[in-house]
>>> print(open('structure.pdb').read())   # PDB, C-alpha atoms
ATOM      1  CA  MET A   1      87.163 127.988 143.472
ATOM      2  CA  ASN A   2      85.974 129.909 140.432
ATOM      3  CA  GLU A   3      84.180 127.600 137.971
ATOM      4  CA  ASN A   4      86.494 128.773 135.182
ATOM      5  CA  GLU A   5      89.681 128.035 137.076
ATOM      6  CA  LYS A   6      88.605 124.689 138.559
ATOM      7  CA  GLN A   7      91.040 121.808 138.179
ATOM      8  CA  MET A   8      90.173 119.476 135.353
ATOM      9  CA  THR A   9      91.209 115.875 135.013
ATOM     10  CA  GLU A  10      93.071 114.790 131.871
ATOM     11  CA  ALA A  11      89.923 112.993 130.693
ATOM     12  CA  GLU A  12      87.831 116.155 131.115
ATOM     13  CA  SER A  13      90.373 118.169 129.143
ATOM     14  CA  LEU A  14      90.381 115.657 126.306
ATOM     15  CA  SER A  15      86.593 115.511 126.297
ATOM     16  CA  ILE A  16      86.379 119.327 125.916
ATOM     17  CA  ILE A  17      88.951 119.298 123.100
ATOM     18  CA  SER A  18      87.300 116.504 121.110
ATOM     19  CA  GLY A  19      83.814 117.944 121.701
ATOM     20  CA  MET A  20      84.776 121.366 120.358
ATOM     21  CA  ILE A  21      86.692 119.980 117.383
ATOM     22  CA  ASN A  22      83.651 117.859 116.482
ATOM     23  CA  HIS A  23      81.387 120.909 116.719
ATOM     24  CA  ALA A  24      83.474 122.664 114.092
ATOM     25  CA  ARG A  25      84.140 119.606 111.942
ATOM     26  CA  ASN A  26      80.498 118.559 111.681
ATOM     27  CA  ARG A  27      79.368 122.010 110.649
ATOM     28  CA  PHE A  28      78.149 121.603 107.088
ATOM     29  CA  SER A  29      77.805 125.025 105.510
ATOM     30  CA  GLU A  30      77.150 124.202 101.848
ATOM     31  CA  THR A  31      73.457 124.688 101.057
ATOM     32  CA  GLY A  32      73.731 123.565  97.421
ATOM     33  CA  HIS A  33      71.806 126.690  96.351
ATOM     34  CA  LEU A  34      74.329 127.895  93.753
ATOM     35  CA  TYR A  35      74.875 124.383  92.383
ATOM     36  CA  LEU A  36      71.118 124.066  91.799
ATOM     37  CA  LEU A  37      70.716 127.547  90.387
ATOM     38  CA  TRP A  38      73.592 127.223  87.914
ATOM     39  CA  GLY A  39      72.532 123.666  87.094
ATOM     40  CA  VAL A  40      69.007 124.674  86.115
ATOM     41  CA  VAL A  41      70.124 127.784  84.181
ATOM     42  CA  ILE A  42      72.818 125.971  82.175
ATOM     43  CA  PHE A  43      70.452 123.049  81.546
ATOM     44  CA  VAL A  44      67.742 125.381  80.203
ATOM     45  CA  CYS A  45      70.317 127.249  78.052
ATOM     46  CA  CYS A  46      71.657 123.991  76.554
ATOM     47  CA  ILE A  47      68.237 122.584  75.747
ATOM     48  CA  THR A  48      66.921 125.910  74.385
ATOM     49  CA  GLN A  49      69.960 126.368  72.133
ATOM     50  CA  PHE A  50      69.698 122.773  70.945
ATOM     51  CA  ILE A  51      65.975 123.133  70.099
ATOM     52  CA  MET A  52      66.587 126.407  68.263
ATOM     53  CA  LEU A  53      69.464 124.904  66.263
ATOM     54  CA  TYR A  54      67.935 121.524  65.549
ATOM     55  CA  PHE A  55      64.296 122.404  64.888
ATOM     56  CA  PHE A  56      64.465 126.039  63.755
ATOM     57  CA  LYS A  57      68.007 126.178  62.304
ATOM     58  CA  ASN A  58      68.494 129.457  64.168
ATOM     59  CA  GLN A  59      72.206 130.272  64.110
ATOM     60  CA  ASN A  60      71.793 133.106  66.622
ATOM     61  CA  ALA A  61      70.616 130.686  69.291
ATOM     62  CA  TYR A  62      73.765 131.305  71.337
ATOM     63  CA  TYR A  63      72.136 134.545  72.537
ATOM     64  CA  VAL A  64      70.357 132.407  75.108
ATOM     65  CA  TRP A  65      73.655 132.224  77.023
ATOM     66  CA  TYR A  66      73.432 135.935  77.852
ATOM     67  CA  ALA A  67      70.956 134.812  80.533
ATOM     68  CA  THR A  68      73.959 133.600  82.527
ATOM     69  CA  TRP A  69      75.037 137.217  83.135
ATOM     70  CA  VAL A  70      71.858 137.736  85.157
ATOM     71  CA  VAL A  71      72.883 134.727  87.283
ATOM     72  CA  VAL A  72      76.413 136.127  87.694
ATOM     73  CA  ILE A  73      74.951 139.395  89.044
ATOM     74  CA  TYR A  74      72.622 137.467  91.355
ATOM     75  CA  GLN A  75      75.552 135.323  92.510
ATOM     76  CA  PHE A  76      77.536 138.417  93.592
ATOM     77  CA  TYR A  77      74.502 139.611  95.555
ATOM     78  CA  TYR A  78      73.917 136.158  97.079
ATOM     79  CA  LEU A  79      77.556 135.663  98.114
ATOM     80  CA  ALA A  80      77.745 139.161  99.643
ATOM     81  CA  ARG A  81      74.585 138.443 101.646
ATOM     82  CA  ARG A  82      75.883 135.040 102.744
ATOM     83  CA  LYS A  83      79.207 136.537 103.825
ATOM     84  CA  LYS A  84      77.339 139.099 105.909
ATOM     85  CA  ARG A  85      75.373 136.388 107.692
ATOM     86  CA  GLN A  86      78.292 134.014 108.137
ATOM     87  CA  ARG A  87      79.364 133.802 111.785
ATOM     88  CA  VAL A  88      82.320 131.529 111.245
ATOM     89  CA  LYS A  89      84.891 131.085 108.481
ATOM     90  CA  THR A  90      86.268 127.620 107.985
ATOM     91  CA  TYR A  91      89.317 126.548 105.992
ATOM     92  CA  PRO A  92      87.254 124.259 103.687
ATOM     93  CA  ASP A  93      84.909 127.172 102.819
ATOM     94  CA  GLU A  94      87.893 129.327 101.925
ATOM     95  CA  ILE A  95      89.669 126.655  99.879
ATOM     96  CA  ILE A  96      86.483 125.805  97.938
ATOM     97  CA  GLY A  97      86.038 129.520  97.172
ATOM     98  CA  PHE A  98      89.539 129.696  95.698
ATOM     99  CA  VAL A  99      89.057 126.459  93.733
ATOM    100  CA  TRP A 100      85.950 127.896  92.003
ATOM    101  CA  PHE A 101      87.648 131.252  91.482
ATOM    102  CA  THR A 102      90.515 129.425  89.727
ATOM    103  CA  PHE A 103      87.991 127.547  87.563
ATOM    104  CA  VAL A 104      86.235 130.753  86.457
ATOM    105  CA  ILE A 105      89.496 132.532  85.557
ATOM    106  CA  CYS A 106      90.953 129.507  83.722
ATOM    107  CA  SER A 107      87.688 128.889  81.841
ATOM    108  CA  PHE A 108      87.459 132.479  80.593
ATOM    109  CA  ILE A 109      91.073 132.411  79.391
ATOM    110  CA  LEU A 110      90.613 128.991  77.790
ATOM    111  CA  VAL A 111      87.420 129.988  75.946
ATOM    112  CA  TYR A 112      89.129 133.155  74.712
ATOM    113  CA  ILE A 113      92.099 131.118  73.413
ATOM    114  CA  LEU A 114      89.802 128.592  71.694
ATOM    115  CA  ILE A 115      87.714 131.313  70.012
ATOM    116  CA  LYS A 116      90.897 133.107  68.855
ATOM    117  CA  ASN A 117      92.104 129.838  67.333
ATOM    118  CA  ASN A 118      88.748 129.084  65.657
ATOM    119  CA  SER A 119      88.344 125.932  67.751
ATOM    120  CA  VAL A 120      84.713 126.563  68.686
ATOM    121  CA  ASN A 121      83.925 122.859  68.367
ATOM    122  CA  ALA A 122      86.284 122.094  71.261
ATOM    123  CA  ILE A 123      84.825 124.704  73.662
ATOM    124  CA  ASN A 124      82.211 122.450  75.273
ATOM    125  CA  ALA A 125      84.635 119.553  75.742
ATOM    126  CA  CYS A 126      87.281 121.850  77.267
ATOM    127  CA  ILE A 127      84.755 123.498  79.581
ATOM    128  CA  LEU A 128      83.668 120.027  80.749
ATOM    129  CA  VAL A 129      87.265 119.015  81.446
ATOM    130  CA  MET A 130      87.739 122.236  83.398
ATOM    131  CA  TYR A 131      84.415 121.882  85.193
ATOM    132  CA  GLY A 132      85.218 118.368  86.346
ATOM    133  CA  MET A 133      88.165 119.738  88.335
ATOM    134  CA  PRO A 134      86.382 122.062  90.850
ATOM    135  CA  THR A 135      83.468 119.632  91.120
ATOM    136  CA  PHE A 136      85.744 116.721  91.963
ATOM    137  CA  LEU A 137      87.890 118.797  94.358
ATOM    138  CA  SER A 138      84.803 120.207  96.112
ATOM    139  CA  GLY A 139      83.667 116.616  96.595
ATOM    140  CA  ILE A 140      87.015 115.766  98.188
ATOM    141  CA  ILE A 141      87.090 118.850 100.451
ATOM    142  CA  LEU A 142      83.448 118.506 101.527
ATOM    143  CA  ARG A 143      83.791 114.706 101.727
ATOM    144  CA  PHE A 144      80.729 114.498  99.495
ATOM    145  CA  LYS A 145      80.704 111.552  97.107
ATOM    146  CA  PRO A 146      78.021 112.786  94.625
ATOM    147  CA  LEU A 147      80.271 115.725  93.694
ATOM    148  CA  ARG A 148      83.264 113.432  93.163
ATOM    149  CA  ILE A 149      81.130 111.219  90.903
ATOM    150  CA  GLY A 150      79.812 114.350  89.130
ATOM    151  CA  GLY A 151      83.394 115.467  88.422
ATOM    152  CA  ILE A 152      84.338 112.099  86.955
ATOM    153  CA  ILE A 153      81.171 112.067  84.795
ATOM    154  CA  CYS A 154      82.159 115.500  83.433
ATOM    155  CA  TRP A 155      85.533 114.131  82.311
ATOM    156  CA  LEU A 156      83.932 111.081  80.669
ATOM    157  CA  ILE A 157      81.363 113.241  78.865
ATOM    158  CA  ALA A 158      84.183 115.598  77.779
ATOM    159  CA  ILE A 159      85.912 112.707  76.021
ATOM    160  CA  SER A 160      82.693 111.576  74.309
ATOM    161  CA  ALA A 161      81.976 115.185  73.264
ATOM    162  CA  MET A 162      85.008 115.041  70.963
ATOM    163  CA  PHE A 163      83.184 112.483  68.808
ATOM    164  CA  THR A 164      80.027 114.547  68.230
ATOM    165  CA  THR A 165      79.112 117.828  66.558
ATOM    166  CA  TYR A 166      78.592 121.121  68.436
ATOM    167  CA  GLN A 167      74.822 120.663  68.274
ATOM    168  CA  TYR A 168      74.825 117.299  70.060
ATOM    169  CA  GLN A 169      77.499 118.450  72.503
ATOM    170  CA  LEU A 170      74.789 120.714  73.922
ATOM    171  CA  LEU A 171      72.821 117.618  74.940
ATOM    172  CA  LEU A 172      75.948 116.103  76.508
ATOM    173  CA  LEU A 173      76.535 119.362  78.385
ATOM    174  CA  ALA A 174      72.952 119.198  79.659
ATOM    175  CA  LEU A 175      73.599 115.636  80.836
ATOM    176  CA  ALA A 176      76.814 116.706  82.609
ATOM    177  CA  VAL A 177      74.944 119.547  84.300
ATOM    178  CA  ILE A 178      72.404 117.073  85.700
ATOM    179  CA  ALA A 179      75.196 114.809  87.024
ATOM    180  CA  ALA A 180      77.516 117.482  88.398
ATOM    181  CA  TRP A 181      75.230 120.346  89.476
ATOM    182  CA  ILE A 182      71.552 119.426  89.723
ATOM    183  CA  ILE A 183      71.726 116.012  91.473
ATOM    184  CA  PRO A 184      74.584 116.997  93.870
ATOM    185  CA  GLY A 185      72.797 120.335  94.438
ATOM    186  CA  TYR A 186      69.626 118.589  95.624
ATOM    187  CA  LEU A 187      71.625 116.145  97.753
ATOM    188  CA  LEU A 188      73.687 118.991  99.281
ATOM    189  CA  ARG A 189      70.511 120.863 100.123
ATOM    190  CA  ALA A 190      69.040 117.771 101.764
ATOM    191  CA  LYS A 191      72.253 117.195 103.756
ATOM    192  CA  PHE A 192      72.382 120.829 104.850
ATOM    193  CA  LYS A 193      68.751 120.766 106.015
ATOM    194  CA  LYS A 194      69.362 117.544 107.905
ATOM    195  CA  GLU A 195      72.507 118.754 109.682
ATOM    196  CA  ASN A 196      71.581 122.355 110.501
TER     197      ASN A 196
ATOM    198  CA  MET B   1     108.992 109.656 134.732
ATOM    199  CA  GLU B   2     108.526 113.291 133.787
ATOM    200  CA  PHE B   3     105.260 115.222 134.022
ATOM    201  CA  LYS B   4     105.137 118.333 131.898
ATOM    202  CA  GLU B   5     103.437 121.297 133.486
ATOM    203  CA  LEU B   6      99.972 122.069 132.125
ATOM    204  CA  ASP B   7      99.652 125.625 130.809
ATOM    205  CA  PRO B   8      97.418 127.393 133.386
ATOM    206  CA  ILE B   9      95.976 129.646 130.683
ATOM    207  CA  LEU B  10      94.638 126.635 128.778
ATOM    208  CA  HIS B  11      93.917 124.420 131.751
ATOM    209  CA  ALA B  12      90.497 125.990 132.369
ATOM    210  CA  PRO B  13      87.309 124.535 130.820
ATOM    211  CA  LEU B  14      85.993 127.532 128.911
ATOM    212  CA  ARG B  15      89.377 128.797 127.695
ATOM    213  CA  LEU B  16      90.293 125.300 126.525
ATOM    214  CA  ALA B  17      86.941 125.020 124.733
ATOM    215  CA  VAL B  18      87.475 128.381 122.984
ATOM    216  CA  ILE B  19      90.993 127.473 121.843
ATOM    217  CA  SER B  20      89.880 124.004 120.642
ATOM    218  CA  LEU B  21      87.031 125.547 118.661
ATOM    219  CA  LEU B  22      89.217 128.256 117.109
ATOM    220  CA  LEU B  23      91.826 125.683 116.195
ATOM    221  CA  SER B  24      89.331 124.023 113.839
ATOM    222  CA  VAL B  25      88.133 127.145 112.019
ATOM    223  CA  LYS B  26      89.781 130.129 110.368
ATOM    224  CA  GLU B  27      87.938 132.702 112.477
ATOM    225  CA  ALA B  28      84.673 132.882 114.391
ATOM    226  CA  GLU B  29      82.317 135.522 115.699
ATOM    227  CA  PHE B  30      81.772 135.953 119.424
ATOM    228  CA  THR B  31      78.127 134.827 119.144
ATOM    229  CA  PHE B  32      79.178 131.585 117.403
ATOM    230  CA  ILE B  33      81.723 130.776 120.161
ATOM    231  CA  LYS B  34      79.156 131.621 122.825
ATOM    232  CA  GLU B  35      76.612 129.275 121.265
ATOM    233  CA  LYS B  36      79.039 126.376 120.795
ATOM    234  CA  THR B  37      80.606 126.639 124.246
ATOM    235  CA  ASN B  38      77.272 127.134 125.976
ATOM    236  CA  SER B  39      78.629 130.052 127.966
ATOM    237  CA  THR B  40      77.332 133.430 129.056
ATOM    238  CA  ALA B  41      78.448 136.584 127.265
ATOM    239  CA  GLY B  42      80.065 138.047 130.397
ATOM    240  CA  ASN B  43      82.049 134.956 131.284
ATOM    241  CA  LEU B  44      83.137 134.349 127.703
ATOM    242  CA  SER B  45      84.229 137.947 127.365
ATOM    243  CA  VAL B  46      86.497 137.631 130.437
ATOM    244  CA  GLN B  47      88.055 134.370 129.202
ATOM    245  CA  ILE B  48      88.603 135.754 125.696
ATOM    246  CA  SER B  49      90.416 138.743 127.220
ATOM    247  CA  LYS B  50      92.719 136.362 129.123
ATOM    248  CA  LEU B  51      93.507 134.390 125.975
ATOM    249  CA  LYS B  52      94.137 137.630 124.122
ATOM    250  CA  GLU B  53      96.462 138.934 126.868
ATOM    251  CA  ALA B  54      98.439 135.689 126.627
ATOM    252  CA  GLY B  55      98.755 136.257 122.863
ATOM    253  CA  TYR B  56      96.919 133.012 122.076
ATOM    254  CA  ILE B  57      94.116 134.626 120.092
ATOM    255  CA  GLU B  58      93.605 137.762 118.021
ATOM    256  CA  VAL B  59      90.445 139.758 118.627
ATOM    257  CA  THR B  60      89.090 142.152 116.004
ATOM    258  CA  LYS B  61      86.217 144.495 116.691
ATOM    259  CA  GLN B  62      84.066 145.597 113.768
ATOM    260  CA  PHE B  63      80.586 146.899 113.109
ATOM    261  CA  LYS B  64      77.894 145.029 111.172
ATOM    262  CA  ASP B  65      74.622 146.883 110.503
ATOM    263  CA  ASN B  66      75.517 149.291 113.324
ATOM    264  CA  TYR B  67      75.978 146.436 115.805
ATOM    265  CA  PRO B  68      79.398 145.699 117.334
ATOM    266  CA  LEU B  69      80.962 142.503 116.064
ATOM    267  CA  THR B  70      83.831 140.652 117.732
ATOM    268  CA  ILE B  71      85.835 138.234 115.627
ATOM    269  CA  CYS B  72      88.329 135.826 117.191
ATOM    270  CA  LYS B  73      91.169 133.988 115.520
ATOM    271  CA  ILE B  74      93.838 131.704 116.978
ATOM    272  CA  THR B  75      97.453 132.948 116.648
ATOM    273  CA  PRO B  76     100.536 130.788 115.857
ATOM    274  CA  LYS B  77     101.489 131.226 119.536
ATOM    275  CA  GLY B  78      98.069 129.848 120.489
ATOM    276  CA  VAL B  79      98.533 126.847 118.177
ATOM    277  CA  ASP B  80     101.952 126.132 119.762
ATOM    278  CA  ALA B  81     100.516 126.483 123.257
ATOM    279  CA  PHE B  82      97.700 124.087 122.393
ATOM    280  CA  GLU B  83     100.132 121.521 120.963
ATOM    281  CA  ASN B  84     102.291 121.749 124.088
ATOM    282  CA  TYR B  85      99.196 121.407 126.266
ATOM    283  CA  VAL B  86      98.154 118.221 124.442
ATOM    284  CA  LYS B  87     101.715 116.830 124.754
ATOM    285  CA  ALA B  88     101.661 117.589 128.484
ATOM    286  CA  LEU B  89      98.277 115.867 128.790
ATOM    287  CA  GLN B  90      99.706 112.825 127.029
ATOM    288  CA  SER B  91     102.607 112.707 129.485
ATOM    289  CA  TYR B  92     100.065 112.453 132.313
ATOM    290  CA  MET B  93      98.000 109.797 130.575
ATOM    291  CA  HIS B  94     100.895 107.684 129.304
ATOM    292  CA  PRO B  95     103.688 108.446 131.798
ATOM    293  CA  ASN B  96     105.932 105.643 130.512
ATOM    294  CA  SER B  97     105.784 106.533 126.829
TER     295      SER B  97
END
>>> encode(input="structure.pdb", output="structure tokens")
Amino acid sequence: MNENEKQMTEAESLSIISGMINHARNRFSETGHLYLLWGVVIFVCCITQFIMLYFFKNQNAYYVWYATWVVVIYQFYYLARRKKRQRVKTYPDEIIGFVWFTFVICSFILVYILIKNNSVNAINACILVMYGMPTFLSGIILRFKPLRIGGIICWLIAISAMFTTYQYQLLLLALAVIAAWIIPGYLLRAKFKKEN
Amino acid sequence: MEFKELDPILHAPLRLAVISLLLSVKEAEFTFIKEKTNSTAGNLSVQISKLKEAGYIEVTKQFKDNYPLTICKITPKGVDAFENYVKALQSYMHPNS
């Protein structure tokens, strides 16, 4: 009898099914690269702006944030390259993509509304509230605790940001970036290397 | 006691492996399925054609960097067939339930 058409026992069938489902389930595709990249860039921007404001009283220090556009361009390139190399699309990958897409759109609209209403002081706190959402949800979808903790820390820092001035909010933002991007980014990278 | 008939399309090791793998992902390339099922390209190709003929999977052919690329995706009919197959298996394993 052809090997492909041979009769299987019920146990053999179940073993094939569970083996294949495990293959797909245990595939960890998040390298943490973008978390680390954004983490370091935002951290550097926060600290640079703070130093320029605090020590040099430079009111044009916000220009430092234009550096993020370079990262946005790189991100498009990186994601296109990753998509090209990807041999399998999983539902978690797709859902996480949409979660972050939602965050970016909502954040842009929110920042626009806040600027229009002269509520610049609330921008950092609102961004942190928003940022906690995709971080926490990514942690749930990827079953990765550091991201869930990072999301919660963002929300706590967002509340404390309401009691400080814009200048010191930059330091809180830097702290949130360490908790929600840099530490989980390193841990994700380590997990990816271990499992792939 | 009633034994449900096992779907002959799914009751074959490699085809069952392919369907089980595709059930867990949105879509997968031929090379990924080949690697995970530990099969040869020729054999896998034949089994994928059978699953496609039965309407259990969708096969899309594309080109990536001038190389042919085959992408497979399970269809709703394939999901139903798999569920029925598992139910039939259960009836064999727990005949009194």
>>> interface_residues(input="structure.pdb", of="chain A", to="chain B", cutoff="9 Å", atoms="all atoms listed in the file", output="PyMOL selection string")
chain A and resi 3-8+10-14+16-25+84+86-92+94
>>> write_last_selection(input="structure.pdb", atoms="C-alpha atoms", output="PDB file, in the coordinates of the input")
ATOM      1  CA  GLU A   3      84.180 127.600 137.971  1.00  0.00           C
ATOM      2  CA  ASN A   4      86.494 128.773 135.182  1.00  0.00           C
ATOM      3  CA  GLU A   5      89.681 128.035 137.076  1.00  0.00           C
ATOM      4  CA  LYS A   6      88.605 124.689 138.559  1.00  0.00           C
ATOM      5  CA  GLN A   7      91.040 121.808 138.179  1.00  0.00           C
ATOM      6  CA  MET A   8      90.173 119.476 135.353  1.00  0.00           C
ATOM      7  CA  GLU A  10      93.071 114.790 131.871  1.00  0.00           C
ATOM      8  CA  ALA A  11      89.923 112.993 130.693  1.00  0.00           C
ATOM      9  CA  GLU A  12      87.831 116.155 131.115  1.00  0.00           C
ATOM     10  CA  SER A  13      90.373 118.169 129.143  1.00  0.00           C
ATOM     11  CA  LEU A  14      90.381 115.657 126.306  1.00  0.00           C
ATOM     12  CA  ILE A  16      86.379 119.327 125.916  1.00  0.00           C
ATOM     13  CA  ILE A  17      88.951 119.298 123.100  1.00  0.00           C
ATOM     14  CA  SER A  18      87.300 116.504 121.110  1.00  0.00           C
ATOM     15  CA  GLY A  19      83.814 117.944 121.701  1.00  0.00           C
ATOM     16  CA  MET A  20      84.776 121.366 120.358  1.00  0.00           C
ATOM     17  CA  ILE A  21      86.692 119.980 117.383  1.00  0.00           C
ATOM     18  CA  ASN A  22      83.651 117.859 116.482  1.00  0.00           C
ATOM     19  CA  HIS A  23      81.387 120.909 116.719  1.00  0.00           C
ATOM     20  CA  ALA A  24      83.474 122.664 114.092  1.00  0.00           C
ATOM     21  CA  ARG A  25      84.140 119.606 111.942  1.00  0.00           C
ATOM     22  CA  LYS A  84      77.339 139.099 105.909  1.00  0.00           C
ATOM     23  CA  GLN A  86      78.292 134.014 108.137  1.00  0.00           C
ATOM     24  CA  ARG A  87      79.364 133.802 111.785  1.00  0.00           C
ATOM     25  CA  VAL A  88      82.320 131.529 111.245  1.00  0.00           C
ATOM     26  CA  LYS A  89      84.891 131.085 108.481  1.00  0.00           C
ATOM     27  CA  THR A  90      86.268 127.620 107.985  1.00  0.00           C
ATOM     28  CA  TYR A  91      89.317 126.548 105.992  1.00  0.00           C
ATOM     29  CA  PRO A  92      87.254 124.259 103.687  1.00  0.00           C
ATOM     30  CA  GLU A  94      87.893 129.327 101.925  1.00  0.00           C
TER      31      GLU A  94
END
>>> resolve_selection(input="structure.pdb", expression="the PyMOL selection byres ((chain A and resi 159) around 12)", output="VMD selection string")
chain A and resid 122 124 to 129 132 152 to 158 160 to 164 169 172 to 173 176
>>> resolve_selection(input="structure.pdb", expression="the PyMOL selection byres ((chain A and resi 50) around 9)", output="list of chain:residue names")
A:Cys45, A:Cys46, A:Ile47, A:Thr48, A:Gln49, A:Ile51, A:Met52, A:Leu53, A:Tyr54, A:Phe55, A:Ala61, A:Gln167, A:Tyr168, A:Leu170, A:Leu171
>>> residues_around(input="structure.pdb", residues="Lys87 (chain B)", least_positions_apart="3", cutoff="12 Å", atoms="all atoms listed in the file", output="ChimeraX atom specification")
/A:10,14 /B:2-7,80-84,90-95,97
>>> closest_residue(input="structure.pdb", among="A:Gln75, A:Thr135, A:Asn58, A:Thr31", to="Ala190 (chain A)", atoms="all atoms listed in the file")
A:Thr31
>>> axis_aligned_box(input="structure.pdb", around="region 38-52 of chain A", padding_each_side="8 Å", output="lines of an AutoDock Vina configuration file")
center_x = 69.8
center_y = 125.2
center_z = 78.1
size_x = 23.6
size_y = 21.2
size_z = 35.7
>>> atom_distance(input="structure.pdb", atom1="CA of Lys52 (chain B)", atom2="CA of Gly78 (chain B)")
9.4 Å
>>> atom_distance(input="structure.pdb", atom1="CA of Leu34 (chain A)", atom2="CA of Val71 (chain A)")
9.5 Å
>>> atom_distance(input="structure.pdb", atom1="CA of Pro184 (chain A)", atom2="CA of Phe43 (chain A)")
14.3 Å
